[in-house]
Amino acid sequence: QSVARVFKLNYVMIVVCHWVACLWYACADYGIRVGAENNWRDADESDESLSIDHDHLGGSGYLRSIYWAIVGMSTVGYGDIVPTNPYETTFAALVILFGGLLLPAVVGGLAAYLGNLNVALKVHRNKLSRVRSYMRNAAIDQALVQRVLRFYDYLWCRQGGVDEEAVMDELPGPIRQRVAVHVNGAIIDSVPFFSLCDDTTTQLLLSVLKPKIFLPTDIIAHQGEVGTEMYLIERGQVLVSSQDDAIPYCTLGKGDYFGESCLLGATVRVAKVTALTYCDCFVLSKDDYNDVMSTCDAPTR
């Protein structure tokens, strides 16, 4: 939007310069018509220090008018083109007056628009600067520092620095549910045992999903640990294996899910899950699941 405003503002400036130049050129014709002794075009062509022919290439007069409009409206005024009669002087004074008032507004507007082009990027860089300072003061291992920075870089590339969870938390319940259905509806449909839920229950489940990002080699779940969360993969791949990685069971990708056994009664993870790539997941905790199910009717439960 800021880029469009910059182009629009520049377009308006070009149009204004064009019409000021046309009126300035017409001032010479008006002076001739009313019998003025001099006009700026004749004075411009007769200046021996210049080599000006307004008929050259069929447009030198217009080019000189554009030049005068720019230097006049910017209040620079080099003095090589000057008014030579009262009519031209009046018009020039008006142009300089309003140009002097308009120029600061234009420059200020351009500065504001250009400053707004990268607001999100500036916020992201400031955040990274604070994170680096914290890790430097805490003497964190350099390898871990690089993983943290990779996480923030991926978050920026993936979402442009937008905190999806914070945005959803700010929305009122009904709107949050509708947005969640639009964003995550296809994901929840991939889970067979959720297909028995009615629309209200599905919307409630979608509204309590939490987004999480995992980096390559991150261990998402350990074999033998107590499971409290189910994961639905929106993007990326994970490897399901034994705890020592000696036996790979399968690879899961977009639209797959794992950890659902903790919602259905099991308590201990039966496999280790490791991220193979950057993974965007939605997490459904057991507590949130139980809260939603407690509001459902008996058949759905």
# chains A, B, ... in the order shown; residues from 1 in each chain; ligands from 1
$ residues_around --residues "Pro174 in chain A" --least-positions-apart "3" --cutoff "10 Å" --atoms "only C-alpha atoms" --output "PyMOL selection string"
chain A and resi 171+177-180+203-204+207
$ write_last_selection --atoms "N, CA, C and O atoms" --output "CSV table (one decimal), in the first residue's frame"
chain,number,residue,atom,x,y,z
A,171,LEU,N,-8.6,-12.0,18.7
A,171,LEU,CA,-9.9,-12.0,18.1
A,171,LEU,C,-10.9,-12.5,19.1
A,171,LEU,O,-10.7,-13.4,19.9
A,177,GLN,N,-13.2,-18.5,15.7
A,177,GLN,CA,-13.6,-19.8,15.2
A,177,GLN,C,-13.7,-19.8,13.6
A,177,GLN,O,-13.3,-20.7,13.0
A,178,ARG,N,-14.3,-18.7,13.1
A,178,ARG,CA,-14.5,-18.7,11.7
A,178,ARG,C,-13.2,-18.6,10.9
A,178,ARG,O,-13.0,-19.2,9.9
A,179,VAL,N,-12.2,-17.8,11.5
A,179,VAL,CA,-10.9,-17.7,10.9
A,179,VAL,C,-10.2,-19.0,10.9
A,179,VAL,O,-9.6,-19.5,10.0
A,180,ALA,N,-10.3,-19.7,12.1
A,180,ALA,CA,-9.7,-21.0,12.2
A,180,ALA,C,-10.2,-22.0,11.3
A,180,ALA,O,-9.5,-22.8,10.7
A,203,GLN,N,-15.5,-26.5,15.1
A,203,GLN,CA,-15.0,-25.2,15.2
A,203,GLN,C,-14.3,-24.9,16.6
A,203,GLN,O,-13.3,-24.2,16.6
A,204,LEU,N,-14.8,-25.5,17.6
A,204,LEU,CA,-14.2,-25.4,18.9
A,204,LEU,C,-12.8,-26.0,18.9
A,204,LEU,O,-11.8,-25.4,19.5
A,207,SER,N,-10.4,-23.8,17.0
A,207,SER,CA,-10.1,-22.5,17.7
A,207,SER,C,-9.0,-22.7,18.8
A,207,SER,O,-8.4,-21.7,19.3
$ select_by_dssp --residues "range 43-274 of chain A" --states "helix (DSSP H, G or I)" --output "PyMOL selection string"
chain A and resi 43-46+56-58+60-73+86-117+119-137+142-159+164-170+173-189+192-194+199-207+260-262
$ residues_around --residues "range 259-272 of chain A" --least-positions-apart "5" --cutoff "7 Å" --atoms "only C-alpha atoms" --output "list in words"
Ala221, His222, Gln223, Gly224, Glu225, Val226, Gly227, Thr228, Glu229, Met230, Tyr231, Val240, Ser241, Ser242, Gln243 and Lys286 of chain A
$ closest_atom_pairs --of "range 166-213 of chain A" --to "range 273-282 of chain A" --cutoff "6 Å" --atoms "only C-alpha atoms" --output "Markdown table"
| residue | atom | partner | partner_atom | distance |
| --- | --- | --- | --- | --- |
| A:Leu209 | CA | A:Phe282 | CA | 5.7 |
| A:Lys210 | CA | A:Phe282 | CA | 5.3 |
| A:Pro211 | CA | A:Phe282 | CA | 4.5 |
| A:Lys212 | CA | A:Cys281 | CA | 5.3 |
| A:Ile213 | CA | A:Asp280 | CA | 4.8 |
$ residues_around --residues "Pro83 in chain A" --least-positions-apart "4" --cutoff "6 Å" --atoms "only C-alpha atoms" --output "PyMOL selection string"
chain A and resi 40+88-89
$ write_last_selection --atoms "all heavy atoms" --output "PDB file, in the first residue's frame"
ATOM      1  N   TRP A  40       8.970  35.637 -22.157  1.00  0.00           N
ATOM      2  CA  TRP A  40      10.110  34.829 -21.714  1.00  0.00           C
ATOM      3  C   TRP A  40      10.679  33.961 -22.822  1.00  0.00           C
ATOM      4  O   TRP A  40      11.879  33.666 -22.835  1.00  0.00           O
ATOM      5  CB  TRP A  40       9.716  33.966 -20.510  1.00  0.00           C
ATOM      6  CG  TRP A  40       8.817  32.784 -20.826  1.00  0.00           C
ATOM      7  CD1 TRP A  40       7.476  32.750 -20.791  1.00  0.00           C
ATOM      8  CD2 TRP A  40       9.247  31.482 -21.230  1.00  0.00           C
ATOM      9  NE1 TRP A  40       7.004  31.529 -21.146  1.00  0.00           N
ATOM     10  CE2 TRP A  40       8.081  30.710 -21.406  1.00  0.00           C
ATOM     11  CE3 TRP A  40      10.489  30.896 -21.458  1.00  0.00           C
ATOM     12  CZ2 TRP A  40       8.122  29.384 -21.809  1.00  0.00           C
ATOM     13  CZ3 TRP A  40      10.538  29.560 -21.847  1.00  0.00           C
ATOM     14  CH2 TRP A  40       9.364  28.812 -22.024  1.00  0.00           C
ATOM     15  N   GLU A  88       3.594  37.414 -16.753  1.00  0.00           N
ATOM     16  CA  GLU A  88       4.496  36.317 -16.419  1.00  0.00           C
ATOM     17  C   GLU A  88       4.973  36.423 -14.969  1.00  0.00           C
ATOM     18  O   GLU A  88       5.102  35.411 -14.281  1.00  0.00           O
ATOM     19  CB  GLU A  88       5.686  36.304 -17.368  1.00  0.00           C
ATOM     20  CG  GLU A  88       5.307  35.990 -18.805  1.00  0.00           C
ATOM     21  CD  GLU A  88       6.475  36.121 -19.770  1.00  0.00           C
ATOM     22  OE1 GLU A  88       7.565  36.530 -19.326  1.00  0.00           O
ATOM     23  OE2 GLU A  88       6.291  35.818 -20.970  1.00  0.00           O
ATOM     24  N   THR A  89       5.219  37.653 -14.529  1.00  0.00           N
ATOM     25  CA  THR A  89       5.672  37.857 -13.149  1.00  0.00           C
ATOM     26  C   THR A  89       4.603  37.411 -12.160  1.00  0.00           C
ATOM     27  O   THR A  89       4.897  36.767 -11.140  1.00  0.00           O
ATOM     28  CB  THR A  89       6.011  39.334 -12.915  1.00  0.00           C
ATOM     29  OG1 THR A  89       7.022  39.747 -13.848  1.00  0.00           O
ATOM     30  CG2 THR A  89       6.511  39.550 -11.493  1.00  0.00           C
TER      31      THR A  89
END
$ closest_residue --among "A:Asp199, A:Val131, A:Thr75, A:Leu144" --to "Gly100 in chain A" --atoms "only C-alpha atoms"
A:Thr75
$ atom_distance --atom1 "CA of Tyr62 in chain A" --atom2 "CA of Trp24 in chain A"
9.3 Å
$ atom_distance --atom1 "CA of Asn290 in chain A" --atom2 "CA of Ala166 in chain A"
23.0 Å
$ select_by_dssp --residues "range 82-264 of chain A" --states "strand (DSSP E or B)" --output "number ranges by chain"
A: 210-214, 219-221, 226, 229-235, 238-241, 248-252, 257-258
$ write_last_selection --atoms "N, CA, C and O atoms" --output "compact mmCIF listing (two decimals), in the first residue's frame"
# COMPACT_ATOMS: atom_id res chain seq x y z
N LYS A 210 -2.85 -24.67 18.41
CA LYS A 210 -1.75 -23.73 18.58
C LYS A 210 -0.67 -24.00 17.53
O LYS A 210 -0.24 -25.15 17.38
N PRO A 211 -0.24 -22.98 16.80
CA PRO A 211 0.82 -23.19 15.81
C PRO A 211 2.19 -23.34 16.47
O PRO A 211 2.50 -22.65 17.44
N LYS A 212 2.99 -24.25 15.95
CA LYS A 212 4.36 -24.42 16.41
C LYS A 212 5.27 -24.68 15.22
O LYS A 212 4.85 -25.31 14.24
N ILE A 213 6.50 -24.21 15.32
CA ILE A 213 7.49 -24.39 14.26
C ILE A 213 8.66 -25.19 14.81
O ILE A 213 9.16 -24.91 15.91
N PHE A 214 9.12 -26.17 14.02
CA PHE A 214 10.27 -26.98 14.40
C PHE A 214 11.33 -26.90 13.31
O PHE A 214 11.01 -26.88 12.12
N ILE A 219 13.82 -32.75 17.92
CA ILE A 219 13.07 -33.92 18.38
C ILE A 219 11.74 -33.43 18.94
O ILE A 219 11.69 -32.74 19.96
N ILE A 220 10.67 -33.79 18.25
CA ILE A 220 9.34 -33.33 18.64
C ILE A 220 8.76 -34.18 19.75
O ILE A 220 8.09 -33.66 20.66
N ALA A 221 9.00 -35.47 19.70
CA ALA A 221 8.49 -36.39 20.73
C ALA A 221 9.51 -37.48 20.98
O ALA A 221 10.19 -37.94 20.05
N VAL A 226 5.56 -39.25 28.51
CA VAL A 226 4.12 -39.12 28.66
C VAL A 226 3.62 -38.09 27.64
O VAL A 226 4.07 -36.95 27.61
N GLU A 229 0.12 -34.00 23.89
CA GLU A 229 -0.24 -33.18 22.74
C GLU A 229 -0.31 -34.03 21.47
O GLU A 229 0.45 -34.99 21.30
N MET A 230 -1.23 -33.64 20.61
CA MET A 230 -1.35 -34.22 19.28
C MET A 230 -0.86 -33.18 18.27
O MET A 230 -1.10 -31.99 18.42
N TYR A 231 -0.16 -33.63 17.23
CA TYR A 231 0.43 -32.74 16.24
C TYR A 231 -0.18 -32.99 14.87
O TYR A 231 -0.29 -34.14 14.43
N LEU A 232 -0.56 -31.91 14.20
CA LEU A 232 -1.06 -31.98 12.82
C LEU A 232 -0.09 -31.20 11.95
O LEU A 232 0.19 -30.02 12.22
N ILE A 233 0.44 -31.84 10.91
CA ILE A 233 1.50 -31.25 10.09
C ILE A 233 0.89 -30.41 8.98
O ILE A 233 0.14 -30.92 8.13
N GLU A 234 1.20 -29.13 8.99
CA GLU A 234 0.75 -28.25 7.92
C GLU A 234 1.78 -28.16 6.79
O GLU A 234 1.43 -28.04 5.63
N ARG A 235 3.05 -28.22 7.14
CA ARG A 235 4.13 -28.10 6.16
C ARG A 235 5.37 -28.81 6.70
O ARG A 235 5.65 -28.75 7.90
N VAL A 238 8.45 -35.21 8.92
CA VAL A 238 9.02 -35.73 10.16
C VAL A 238 9.29 -37.21 9.99
O VAL A 238 8.66 -37.90 9.17
N LEU A 239 10.26 -37.70 10.76
CA LEU A 239 10.60 -39.12 10.75
C LEU A 239 10.14 -39.75 12.05
O LEU A 239 10.47 -39.26 13.14
N VAL A 240 9.38 -40.84 11.95
CA VAL A 240 8.94 -41.61 13.11
C VAL A 240 9.87 -42.82 13.22
O VAL A 240 10.00 -43.59 12.26
N SER A 241 10.53 -42.98 14.36
CA SER A 241 11.53 -44.04 14.51
C SER A 241 11.59 -44.51 15.95
O SER A 241 10.92 -43.97 16.84
N PRO A 248 13.70 -47.00 11.54
CA PRO A 248 12.77 -45.97 11.06
C PRO A 248 11.43 -46.61 10.72
O PRO A 248 11.37 -47.61 10.01
N TYR A 249 10.37 -46.05 11.23
CA TYR A 249 9.04 -46.61 11.00
C TYR A 249 8.38 -46.01 9.76
O TYR A 249 7.89 -46.73 8.90
N CYS A 250 8.34 -44.71 9.68
CA CYS A 250 7.71 -44.07 8.52
C CYS A 250 8.07 -42.59 8.50
O CYS A 250 8.63 -42.05 9.46
N THR A 251 7.74 -41.96 7.37
CA THR A 251 7.93 -40.51 7.22
C THR A 251 6.56 -39.87 7.01
O THR A 251 5.77 -40.34 6.19
N LEU A 252 6.28 -38.85 7.78
CA LEU A 252 5.00 -38.16 7.68
C LEU A 252 5.21 -36.77 7.08
O LEU A 252 6.25 -36.14 7.29
N TYR A 257 -0.65 -36.61 10.73
CA TYR A 257 -0.73 -36.25 12.14
C TYR A 257 -0.10 -37.36 12.97
O TYR A 257 0.08 -38.49 12.51
N PHE A 258 0.24 -37.05 14.21
CA PHE A 258 0.79 -38.04 15.11
C PHE A 258 0.55 -37.58 16.55
O PHE A 258 0.25 -36.40 16.80
$ closest_residue --among "A:Gly109, A:Asp244, A:Ala186, A:Val123" --to "Phe7 in chain A" --atoms "only C-alpha atoms"
A:Gly109
$ residues_around --residues "Ala26 in chain A" --least-positions-apart "6" --cutoff "12 Å" --atoms "only C-alpha atoms" --output "ChimeraX atom specification"
/A:19-20,32-33,39-41,61-62,65,87-88,91
$ write_last_selection --atoms "C-alpha atoms" --output "compact mmCIF listing (two decimals), in the first residue's frame"
# COMPACT_ATOMS: atom_id res chain seq x y z
CA TRP A 19 0.14 21.69 -16.34
CA VAL A 20 2.34 24.39 -14.77
CA ILE A 32 2.03 38.54 -27.38
CA ARG A 33 -1.74 38.62 -27.76
CA ASN A 39 7.97 37.49 -23.30
CA TRP A 40 10.11 34.83 -21.71
CA ARG A 41 10.36 32.67 -24.84
CA GLY A 61 9.90 25.06 -25.79
CA TYR A 62 7.89 22.53 -23.78
CA SER A 65 8.82 25.06 -19.68
CA TYR A 87 1.57 38.71 -16.57
CA GLU A 88 4.50 36.32 -16.42
CA PHE A 91 2.10 33.71 -12.67
$ atom_distance --atom1 "CA of Ser190 in chain A" --atom2 "CA of Asp153 in chain A"
29.5 Å
$ closest_residue --among "A:Arg5, A:Leu284, A:Asp169, A:Asn85" --to "Val34 in chain A" --atoms "only C-alpha atoms"
A:Asn85
$ closest_residue --among "A:Val6, A:Gly255, A:Thr201, A:Asp245" --to "Thr295 in chain A" --atoms "only C-alpha atoms"
A:Thr201
$ decode --residues "range 260-274 of chain A" --atoms "all heavy atoms" --output "CSV table (one decimal), in the first residue's frame"
chain,number,residue,atom,x,y,z
A,260,GLU,N,-1.9,-38.8,18.4
A,260,GLU,CA,-3.3,-38.7,18.7
A,260,GLU,C,-3.7,-39.7,19.8
A,260,GLU,O,-4.8,-39.6,20.4
A,260,GLU,CB,-4.1,-39.1,17.5
A,260,GLU,CG,-4.1,-40.5,16.9
A,260,GLU,CD,-2.8,-40.8,16.1
A,260,GLU,OE1,-2.0,-39.9,16.1
A,260,GLU,OE2,-2.7,-41.9,15.6
A,261,SER,N,-2.8,-40.7,20.1
A,261,SER,CA,-3.1,-41.7,21.1
A,261,SER,C,-3.3,-41.1,22.5
A,261,SER,O,-4.0,-41.6,23.3
A,261,SER,CB,-2.0,-42.8,21.1
A,261,SER,OG,-0.7,-42.2,21.4
A,262,CYS,N,-2.6,-40.0,22.7
A,262,CYS,CA,-2.7,-39.4,24.1
A,262,CYS,C,-4.1,-38.8,24.3
A,262,CYS,O,-4.6,-38.7,25.4
A,262,CYS,CB,-1.7,-38.3,24.2
A,262,CYS,SG,-2.0,-36.8,23.3
A,263,LEU,N,-4.8,-38.5,23.2
A,263,LEU,CA,-6.2,-38.0,23.3
A,263,LEU,C,-7.2,-39.1,23.5
A,263,LEU,O,-8.3,-38.9,24.0
A,263,LEU,CB,-6.6,-37.2,22.1
A,263,LEU,CG,-5.7,-36.0,21.6
A,263,LEU,CD1,-6.3,-35.3,20.4
A,263,LEU,CD2,-5.4,-35.0,22.8
A,264,LEU,N,-6.8,-40.3,23.1
A,264,LEU,CA,-7.7,-41.5,23.1
A,264,LEU,C,-7.5,-42.4,24.3
A,264,LEU,O,-8.0,-43.5,24.3
A,264,LEU,CB,-7.6,-42.2,21.8
A,264,LEU,CG,-7.8,-41.4,20.5
A,264,LEU,CD1,-7.6,-42.3,19.3
A,264,LEU,CD2,-9.2,-40.8,20.6
A,265,GLY,N,-6.6,-42.0,25.2
A,265,GLY,CA,-6.4,-42.8,26.4
A,265,GLY,C,-5.0,-43.2,26.7
A,265,GLY,O,-4.7,-43.5,27.9
A,266,ALA,N,-4.2,-43.4,25.7
A,266,ALA,CA,-2.8,-43.8,25.9
A,266,ALA,C,-2.0,-42.7,26.6
A,266,ALA,O,-2.3,-41.5,26.4
A,266,ALA,CB,-2.1,-44.2,24.6
A,267,THR,N,-1.0,-43.0,27.3
A,267,THR,CA,-0.2,-42.0,28.1
A,267,THR,C,1.2,-42.0,27.7
A,267,THR,O,1.9,-40.9,27.9
A,267,THR,CB,-0.3,-42.3,29.6
A,267,THR,OG1,0.2,-43.7,29.8
A,267,THR,CG2,-1.7,-42.2,30.1
A,268,VAL,N,1.8,-43.0,27.1
A,268,VAL,CA,3.2,-43.1,26.8
A,268,VAL,C,3.4,-43.1,25.3
A,268,VAL,O,2.7,-43.9,24.6
A,268,VAL,CB,3.8,-44.4,27.5
A,268,VAL,CG1,5.3,-44.4,27.1
A,268,VAL,CG2,3.7,-44.3,29.0
A,269,ARG,N,4.4,-42.3,24.9
A,269,ARG,CA,4.7,-42.3,23.4
A,269,ARG,C,5.4,-43.6,23.1
A,269,ARG,O,6.2,-44.1,23.8
A,269,ARG,CB,5.7,-41.2,23.1
A,269,ARG,CG,5.2,-39.8,23.5
A,269,ARG,CD,4.2,-39.3,22.6
A,269,ARG,NE,4.0,-37.8,22.8
A,269,ARG,CZ,3.0,-37.1,22.3
A,269,ARG,NH1,2.1,-37.8,21.6
A,269,ARG,NH2,2.9,-35.8,22.5
A,270,VAL,N,5.0,-44.2,21.9
A,270,VAL,CA,5.6,-45.5,21.5
A,270,VAL,C,6.7,-45.3,20.4
A,270,VAL,O,7.2,-46.3,20.0
A,270,VAL,CB,4.5,-46.4,20.9
A,270,VAL,CG1,3.4,-46.7,22.0
A,270,VAL,CG2,3.8,-45.7,19.7
A,271,ALA,N,7.0,-44.0,20.0
A,271,ALA,CA,8.0,-43.8,19.0
A,271,ALA,C,8.6,-42.4,19.2
A,271,ALA,O,8.0,-41.6,19.9
A,271,ALA,CB,7.4,-44.0,17.6
A,272,LYS,N,9.7,-42.2,18.6
A,272,LYS,CA,10.4,-40.9,18.6
A,272,LYS,C,10.1,-40.2,17.3
A,272,LYS,O,10.0,-40.9,16.2
A,272,LYS,CB,11.9,-41.1,18.7
A,272,LYS,CG,12.7,-39.9,18.5
A,272,LYS,CD,14.2,-40.3,18.6
A,272,LYS,CE,15.1,-39.1,18.3
A,272,LYS,NZ,16.6,-39.4,18.2
A,273,VAL,N,9.8,-38.9,17.3
A,273,VAL,CA,9.5,-38.2,16.1
A,273,VAL,C,10.5,-37.0,16.0
A,273,VAL,O,10.7,-36.2,16.9
A,273,VAL,CB,8.1,-37.6,16.2
A,273,VAL,CG1,7.7,-36.8,14.9
A,273,VAL,CG2,7.0,-38.7,16.4
A,274,THR,N,11.2,-37.0,14.8
A,274,THR,CA,12.2,-36.0,14.6
A,274,THR,C,11.9,-35.2,13.3
A,274,THR,O,11.5,-35.8,12.3
A,274,THR,CB,13.6,-36.7,14.4
A,274,THR,OG1,13.8,-37.5,15.5
A,274,THR,CG2,14.7,-35.6,14.3
